[in-house]
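K.L.:
This is the structure I have questions about; it appears just below.
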Number of protein chains: 2
Amino acid sequence: MIKVVIIGSGNVAHHLIKAFTKSNTIEIIQVLARQKESISHLLDSNKITDNTNDLVEADLYIIAVSDNAIAEVSSQLNFQNKLVVHTSGSIAMMDLDSKNRKGVFYPLQTFSKNKEVDFHQIPIGIETQNDDDHQLLETIAKSISDKVFNINSQQRKGLHVAAVFVNNFVNYLYKIGNDICVENNIPFDILKPLIQETASKIESLSPNDAQTGPAKRNDTQTINTHLNFLSDENQKEIYKLLTKSIIDNGKKL
Amino acid sequence: MIKVVIIGSGNVAHHLIKAFTKSNTIEIIQVLARQKESISHLLDSNKITDNTNDLVEADLYIIAVSDNAIAEVSSQLNFQNKLVVHTSGSIAMMDLDSKNRKGVFYPLQTFSKNKEVDFHQIPIGIETQNDDDHQLLETIAKSISDKVFNINSQQRKGLHVAAVFVNNFVNYLYKIGNDICVENNIPFDILKPLIQETASKIESLSPNDAQTGPAKRNDTQTINTHLNFLSDENQKEIYKLLTKSIIDNGKKL
């Protein structure tokens, strides 16, 4: 069994522990959590520590903490020349402390504690400093995911920005749709098939080919009707900017 | 069999013809199309006409043309006191010509000609002037959809605006994600599981609870890294506005 230690107890750590627990080739031998209770339902209490100095020897240490804590956490480890990776989209591999061998293990997904995910469908982008570590990290990633790929720190930054657009911002547009429904006494459920189809459509069409709607048609009459309908200034501003962008994009084609 | 005539040959007409053709209780007896060839693969040529004056008698006439042509098309019909409905999200029922009985038959979905849809999963919002027509329109809608609901013209306008946010604008954010991938030599396919999960998440969580990411965490360091990374001014402007909106929304909660 390959021995893995996870450092952190947030959403990513939570889902990684669950995924590795199902694997036959990887053993989570320890988790470092500031609040031991937060993960006590996921593994034996003797495998949980809140003290960095108590960390045991392992083949891989996965730092799954918030971005701004990664460098500090990696510098506090009191061992050397081990493979230590982080799970962040936006932090460079080189930001890890140099006393250990560096790598990145980036699962590209949105994690919420109370929403199960199928890890096998989650792409994991990996990066290491040397080939042996690459092989080990790939083996570990493939034990939980069918979609392992190589990506360097610069590309990973781009991928993370793209992910913010297609996940964080998209979800916020769902929220606006929800708000408009609530204001007009319409059940949000009515929009859900449209939301699913919008996501499903790009499996077979490019987003450019899938684009429909008043902005795409440059239908100024409908656009003005919509702007008159919206009373929330923030919604109006977003409507205007995205409509203008879609119209300008149409002109470029 | 209930006899239906469809007026129009665009995306909505196209998918309605297909859906009704599968139904056992509805018969499409005629389609009015300016370009007869555009739908000749969907039904017998003797059922297609390009002349308004050749329209035959039916139980329901569905006008599925572009929004700005609906009023005119309805005024050109040379018969009276028939049930005539349109399929638009943003046009009021009362905009139809008053010589016929008015109604609305609004399928809430994004239609592209070369993408099949399962009509049974598509919500259809209906509105009529009187109860008998309501019953007929409901029967017809239920013959192709499992999700028929009542909605008045004002609510429908709200629903259409909400649909623009969760479909047109969401798809445009997919396009930006795609563009960023292309610029950084990353296959767009890597983002697809995230896109599907983002849509799937709101089946069990509200969009507010599903929100994650740097804006939600007010993580200014990552936000600035992303803004520095983006070189396209339009992408930058959209990033800034949506990030600000998510942060402001967090403060309101």
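Chain labels run A, B, ... following the order of the structure tokens; each chain numbers its residues from 1, and ligands are numbered from 1 in the order shown.
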Residues near Lys115 (chain B), anyone? I mean within 12 Å using only C-alpha atoms, not counting same-chain ones fewer than 4 positions away, as a list in words.
P.N.:
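Here the qualifying residues turn out to be Glu197, Thr198, Ser200, Lys201, Ile202, Glu203, Ser204, Leu205, Ser206, Asp209 and Ala210 of chain A; Asn11, Val12, His14, His15, Gln109, Thr110 and Phe111 of chain B.
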K.L.:
Export, as an mmCIF file, in the first residue's frame, the selected residues with N, CA and C atoms.
P.N.:
data_model
loop_
_atom_site.group_PDB
_atom_site.id
_atom_site.type_symbol
_atom_site.label_atom_id
_atom_site.label_comp_id
_atom_site.auth_asym_id
_atom_site.auth_seq_id
_atom_site.Cartn_x
_atom_site.Cartn_y
_atom_site.Cartn_z
ATOM 1 N N GLU A 197 -29.810 21.399 -19.577
ATOM 2 C CA GLU A 197 -29.618 21.314 -21.025
ATOM 3 C C GLU A 197 -28.504 22.259 -21.477
ATOM 4 N N THR A 198 -28.408 23.419 -20.862
ATOM 5 C CA THR A 198 -27.356 24.378 -21.206
ATOM 6 C C THR A 198 -25.981 23.752 -20.976
ATOM 7 N N SER A 200 -25.436 20.439 -20.743
ATOM 8 C CA SER A 200 -25.323 19.221 -21.544
ATOM 9 C C SER A 200 -25.032 19.535 -23.010
ATOM 10 N N LYS A 201 -25.541 20.697 -23.473
ATOM 11 C CA LYS A 201 -25.381 21.065 -24.878
ATOM 12 C C LYS A 201 -23.918 21.142 -25.297
ATOM 13 N N ILE A 202 -23.048 21.646 -24.415
ATOM 14 C CA ILE A 202 -21.647 21.828 -24.831
ATOM 15 C C ILE A 202 -20.868 20.524 -24.863
ATOM 16 N N GLU A 203 -21.527 19.392 -24.495
ATOM 17 C CA GLU A 203 -20.871 18.101 -24.708
ATOM 18 C C GLU A 203 -20.827 17.782 -26.206
ATOM 19 N N SER A 204 -21.789 18.334 -26.959
ATOM 20 C CA SER A 204 -21.814 18.030 -28.396
ATOM 21 C C SER A 204 -21.636 19.262 -29.290
ATOM 22 N N LEU A 205 -21.839 20.463 -28.755
ATOM 23 C CA LEU A 205 -21.637 21.690 -29.540
ATOM 24 C C LEU A 205 -20.578 22.553 -28.848
ATOM 25 N N SER A 206 -19.827 23.340 -29.608
ATOM 26 C CA SER A 206 -18.936 24.305 -28.975
ATOM 27 C C SER A 206 -19.792 25.403 -28.361
ATOM 28 N N ASP A 209 -21.208 27.704 -30.923
ATOM 29 C CA ASP A 209 -22.332 27.179 -31.705
ATOM 30 C C ASP A 209 -23.594 27.038 -30.855
ATOM 31 N N ALA A 210 -23.427 26.867 -29.549
ATOM 32 C CA ALA A 210 -24.580 26.664 -28.670
ATOM 33 C C ALA A 210 -25.253 27.984 -28.278
ATOM 34 N N ASN B 11 -36.040 27.138 -35.130
ATOM 35 C CA ASN B 11 -35.647 26.107 -34.166
ATOM 36 C C ASN B 11 -36.824 25.577 -33.352
ATOM 37 N N VAL B 12 -37.670 26.490 -32.852
ATOM 38 C CA VAL B 12 -38.783 26.055 -32.000
ATOM 39 C C VAL B 12 -39.780 25.243 -32.832
ATOM 40 N N HIS B 14 -39.282 23.599 -35.556
ATOM 41 C CA HIS B 14 -38.582 22.361 -35.889
ATOM 42 C C HIS B 14 -38.752 21.303 -34.781
ATOM 43 N N HIS B 15 -38.452 21.696 -33.543
ATOM 44 C CA HIS B 15 -38.531 20.742 -32.427
ATOM 45 C C HIS B 15 -39.980 20.432 -32.056
ATOM 46 N N GLN B 109 -36.877 26.235 -23.064
ATOM 47 C CA GLN B 109 -35.687 25.455 -23.363
ATOM 48 C C GLN B 109 -34.874 26.166 -24.424
ATOM 49 N N THR B 110 -33.593 25.790 -24.529
ATOM 50 C CA THR B 110 -32.735 26.324 -25.576
ATOM 51 C C THR B 110 -32.711 25.329 -26.732
ATOM 52 N N PHE B 111 -33.117 25.785 -27.895
ATOM 53 C CA PHE B 111 -33.223 24.886 -29.045
ATOM 54 C C PHE B 111 -32.155 25.200 -30.080
#
K.L.:
Select all residues from chain A having any atom no more than 7 Å from an atom of chain B (counting only C-alpha atoms, ignoring ligands), output as a VMD selection string.
P.N.:
chain A and resid 90 108 to 110 121 to 123 155 158 to 159 161 to 175 177 180 to 181 184 190 to 191 193 to 196 198 to 199 207 to 208 211 to 213 222 226 242
K.L.:
Store the residues of this selection in a file with C-alpha atoms, as a PDB file, in the first residue's frame.
P.N.:
ATOM      1  CA  SER A  90      -3.597  29.203  -8.341  1.00  0.00           C
ATOM      2  CA  LEU A 108     -10.551  20.336 -10.837  1.00  0.00           C
ATOM      3  CA  GLN A 109     -13.972  20.295  -9.219  1.00  0.00           C
ATOM      4  CA  THR A 110     -16.261  22.296  -6.939  1.00  0.00           C
ATOM      5  CA  GLN A 121     -15.003  11.655 -13.070  1.00  0.00           C
ATOM      6  CA  ILE A 122     -12.904  14.459 -11.595  1.00  0.00           C
ATOM      7  CA  PRO A 123      -9.882  15.562 -13.661  1.00  0.00           C
ATOM      8  CA  GLN A 155      -1.268  26.517 -17.451  1.00  0.00           C
ATOM      9  CA  GLY A 158      -5.136  29.670 -16.637  1.00  0.00           C
ATOM     10  CA  LEU A 159      -7.240  26.604 -15.960  1.00  0.00           C
ATOM     11  CA  VAL A 161      -9.244  31.306 -13.996  1.00  0.00           C
ATOM     12  CA  ALA A 162     -11.324  29.455 -16.603  1.00  0.00           C
ATOM     13  CA  ALA A 163     -12.828  27.356 -13.800  1.00  0.00           C
ATOM     14  CA  VAL A 164     -13.867  30.525 -11.967  1.00  0.00           C
ATOM     15  CA  PHE A 165     -15.798  31.606 -15.078  1.00  0.00           C
ATOM     16  CA  VAL A 166     -17.526  28.263 -15.750  1.00  0.00           C
ATOM     17  CA  ASN A 167     -18.213  27.418 -12.106  1.00  0.00           C
ATOM     18  CA  ASN A 168     -18.189  30.346  -9.640  1.00  0.00           C
ATOM     19  CA  PHE A 169     -19.601  32.910 -12.048  1.00  0.00           C
ATOM     20  CA  VAL A 170     -22.039  30.472 -13.655  1.00  0.00           C
ATOM     21  CA  ASN A 171     -23.361  29.526 -10.227  1.00  0.00           C
ATOM     22  CA  TYR A 172     -23.803  33.213  -9.442  1.00  0.00           C
ATOM     23  CA  LEU A 173     -25.914  33.606 -12.607  1.00  0.00           C
ATOM     24  CA  TYR A 174     -28.033  30.676 -11.344  1.00  0.00           C
ATOM     25  CA  LYS A 175     -28.453  32.678  -8.144  1.00  0.00           C
ATOM     26  CA  GLY A 177     -32.112  33.460 -11.997  1.00  0.00           C
ATOM     27  CA  ILE A 180     -35.781  36.781 -10.326  1.00  0.00           C
ATOM     28  CA  CYS A 181     -38.015  33.717  -9.910  1.00  0.00           C
ATOM     29  CA  ASN A 184     -42.033  36.966  -9.544  1.00  0.00           C
ATOM     30  CA  ILE A 190     -39.010  25.425 -13.734  1.00  0.00           C
ATOM     31  CA  LEU A 191     -35.558  26.690 -14.770  1.00  0.00           C
ATOM     32  CA  PRO A 193     -34.222  21.553 -17.101  1.00  0.00           C
ATOM     33  CA  LEU A 194     -32.939  24.602 -19.007  1.00  0.00           C
ATOM     34  CA  ILE A 195     -29.884  24.776 -16.727  1.00  0.00           C
ATOM     35  CA  GLN A 196     -29.139  21.068 -17.253  1.00  0.00           C
ATOM     36  CA  THR A 198     -27.356  24.378 -21.206  1.00  0.00           C
ATOM     37  CA  ALA A 199     -24.568  22.372 -19.554  1.00  0.00           C
ATOM     38  CA  PRO A 207     -20.107  27.161 -26.699  1.00  0.00           C
ATOM     39  CA  ASN A 208     -19.981  29.439 -29.732  1.00  0.00           C
ATOM     40  CA  GLN A 211     -25.147  30.398 -28.128  1.00  0.00           C
ATOM     41  CA  THR A 212     -28.774  31.523 -28.525  1.00  0.00           C
ATOM     42  CA  GLY A 213     -30.893  34.396 -27.219  1.00  0.00           C
ATOM     43  CA  THR A 222     -36.257  42.222 -26.398  1.00  0.00           C
ATOM     44  CA  HIS A 226     -35.616  42.969 -20.317  1.00  0.00           C
ATOM     45  CA  LEU A 242     -22.800  40.334 -20.906  1.00  0.00           C
TER      46      LEU A 242
END
K.L.:
Going by DSSP on the backbone, which residues of region 80-234 of chain A come out as strand (DSSP E or B)? List them as a list in words.
P.N.:
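Of region 80-234 of chain A, only Leu83, Val84, Val85, His86, Arg101, Lys102, Gly103, Val104, Phe105, Tyr106, Pro107, Pro123, Ile124, Gly125, Ile126, Glu127, Thr128, Lys147, Val148, Phe149 and Asn150 of chain A fall in strand (DSSP E or B).
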K.L.:
Export C-alpha atoms of the chosen residues as a compact mmCIF listing (two decimals), in the first residue's frame?
P.N.:
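Heads up, here's the output in out21.txt:
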# COMPACT_ATOMS: atom_id res chain seq x y z
CA LEU A 83 7.29 14.32 -1.67
CA VAL A 84 4.99 17.19 -0.59
CA VAL A 85 2.23 18.45 -2.91
CA HIS A 86 -0.53 21.02 -2.66
CA ARG A 101 10.44 17.44 -3.12
CA LYS A 102 7.66 19.52 -4.63
CA GLY A 103 4.55 18.66 -6.58
CA VAL A 104 0.95 19.62 -7.31
CA PHE A 105 -2.16 17.44 -7.15
CA TYR A 106 -5.01 19.63 -8.44
CA PRO A 107 -8.50 18.12 -8.53
CA PRO A 123 -9.88 15.56 -13.66
CA ILE A 124 -6.70 15.72 -11.57
CA GLY A 125 -3.85 17.86 -12.91
CA ILE A 126 -0.41 16.79 -11.67
CA GLU A 127 3.03 18.42 -11.71
CA THR A 128 6.31 17.35 -10.10
CA LYS A 147 -8.98 11.68 -15.79
CA VAL A 148 -5.39 12.35 -14.74
CA PHE A 149 -3.45 14.86 -16.85
CA ASN A 150 -0.14 16.76 -16.73
K.L.:
Which neighbours of region 1-3 of chain B fall inside 6 Å, counting only C-alpha atoms, when residues of the same chain fewer than 4 positions from it are skipped, and could you give them as a count of residues only?
P.N.:
5
K.L.:
Which residues, written as a PyMOL selection string, have at least one atom at most 6 Å from Val31 (chain B), with only C-alpha atoms counted and residues fewer than 5 positions away on the same chain left out?
P.N.:
chain B and resi 5-7+48
K.L.:
Those selected residues, please, written with N, CA and C atoms and delivered as a PDB file, in the first residue's frame.
P.N.:
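The resulting file, selection-v3.pdb, is shown below:
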ATOM      1  N   VAL B   5     -51.915  23.255 -36.392  1.00  0.00           N
ATOM      2  CA  VAL B   5     -51.143  23.868 -37.469  1.00  0.00           C
ATOM      3  C   VAL B   5     -49.988  24.643 -36.842  1.00  0.00           C
ATOM      4  N   ILE B   6     -48.804  24.478 -37.408  1.00  0.00           N
ATOM      5  CA  ILE B   6     -47.650  25.242 -36.917  1.00  0.00           C
ATOM      6  C   ILE B   6     -47.251  26.265 -37.961  1.00  0.00           C
ATOM      7  N   ILE B   7     -47.067  27.489 -37.497  1.00  0.00           N
ATOM      8  CA  ILE B   7     -46.687  28.588 -38.381  1.00  0.00           C
ATOM      9  C   ILE B   7     -45.257  28.979 -38.042  1.00  0.00           C
ATOM     10  N   ILE B  48     -47.134  20.964 -46.188  1.00  0.00           N
ATOM     11  CA  ILE B  48     -46.353  22.201 -46.044  1.00  0.00           C
ATOM     12  C   ILE B  48     -46.858  23.240 -47.044  1.00  0.00           C
TER      13      ILE B  48
END
K.L.:
How would you write, as JSON, numbers by chain, the set of residues in region 54-253 of chain B that DSSP gives as helix (DSSP H, G or I)?
P.N.:
{"B": [54, 67, 68, 69, 70, 71, 72, 73, 74, 75, 76, 93, 94, 95, 119, 120, 121, 131, 132, 133, 134, 135, 136, 137, 138, 139, 140, 141, 142, 153, 154, 155, 156, 157, 158, 159, 160, 161, 162, 163, 164, 165, 166, 167, 168, 169, 170, 171, 172, 173, 174, 175, 176, 177, 178, 179, 180, 181, 182, 183, 188, 189, 190, 191, 192, 193, 194, 195, 196, 197, 198, 199, 200, 201, 207, 208, 209, 210, 220, 221, 222, 223, 224, 225, 226, 227, 228, 229, 233, 234, 235, 236, 237, 238, 239, 240, 241, 242, 243, 244, 245, 246, 247, 248, 249, 250, 251, 252]}
K.L.:
Give me, please, the distance in Å between CA of Ile39 (chain A) and CA of Lys113 (chain A), quoted to one decimal.
P.N.:
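So the two atoms, CA of Ile39 (chain A) and CA of Lys113 (chain A), lie 11.0 Å apart.
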K.L.:
Which value, in Å to one decimal, gives the distance between CA of Leu60 (chain A) and CA of Lys82 (chain A)?
P.N.:
7.1 Å
K.L.:
For CA of Glu72 (chain B) and CA of Asp95 (chain B), quote the distance in Å rounded to one decimal.
P.N.:
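Taking CA of Glu72 (chain B) and CA of Asp95 (chain B), their separation equals 9.5 Å.
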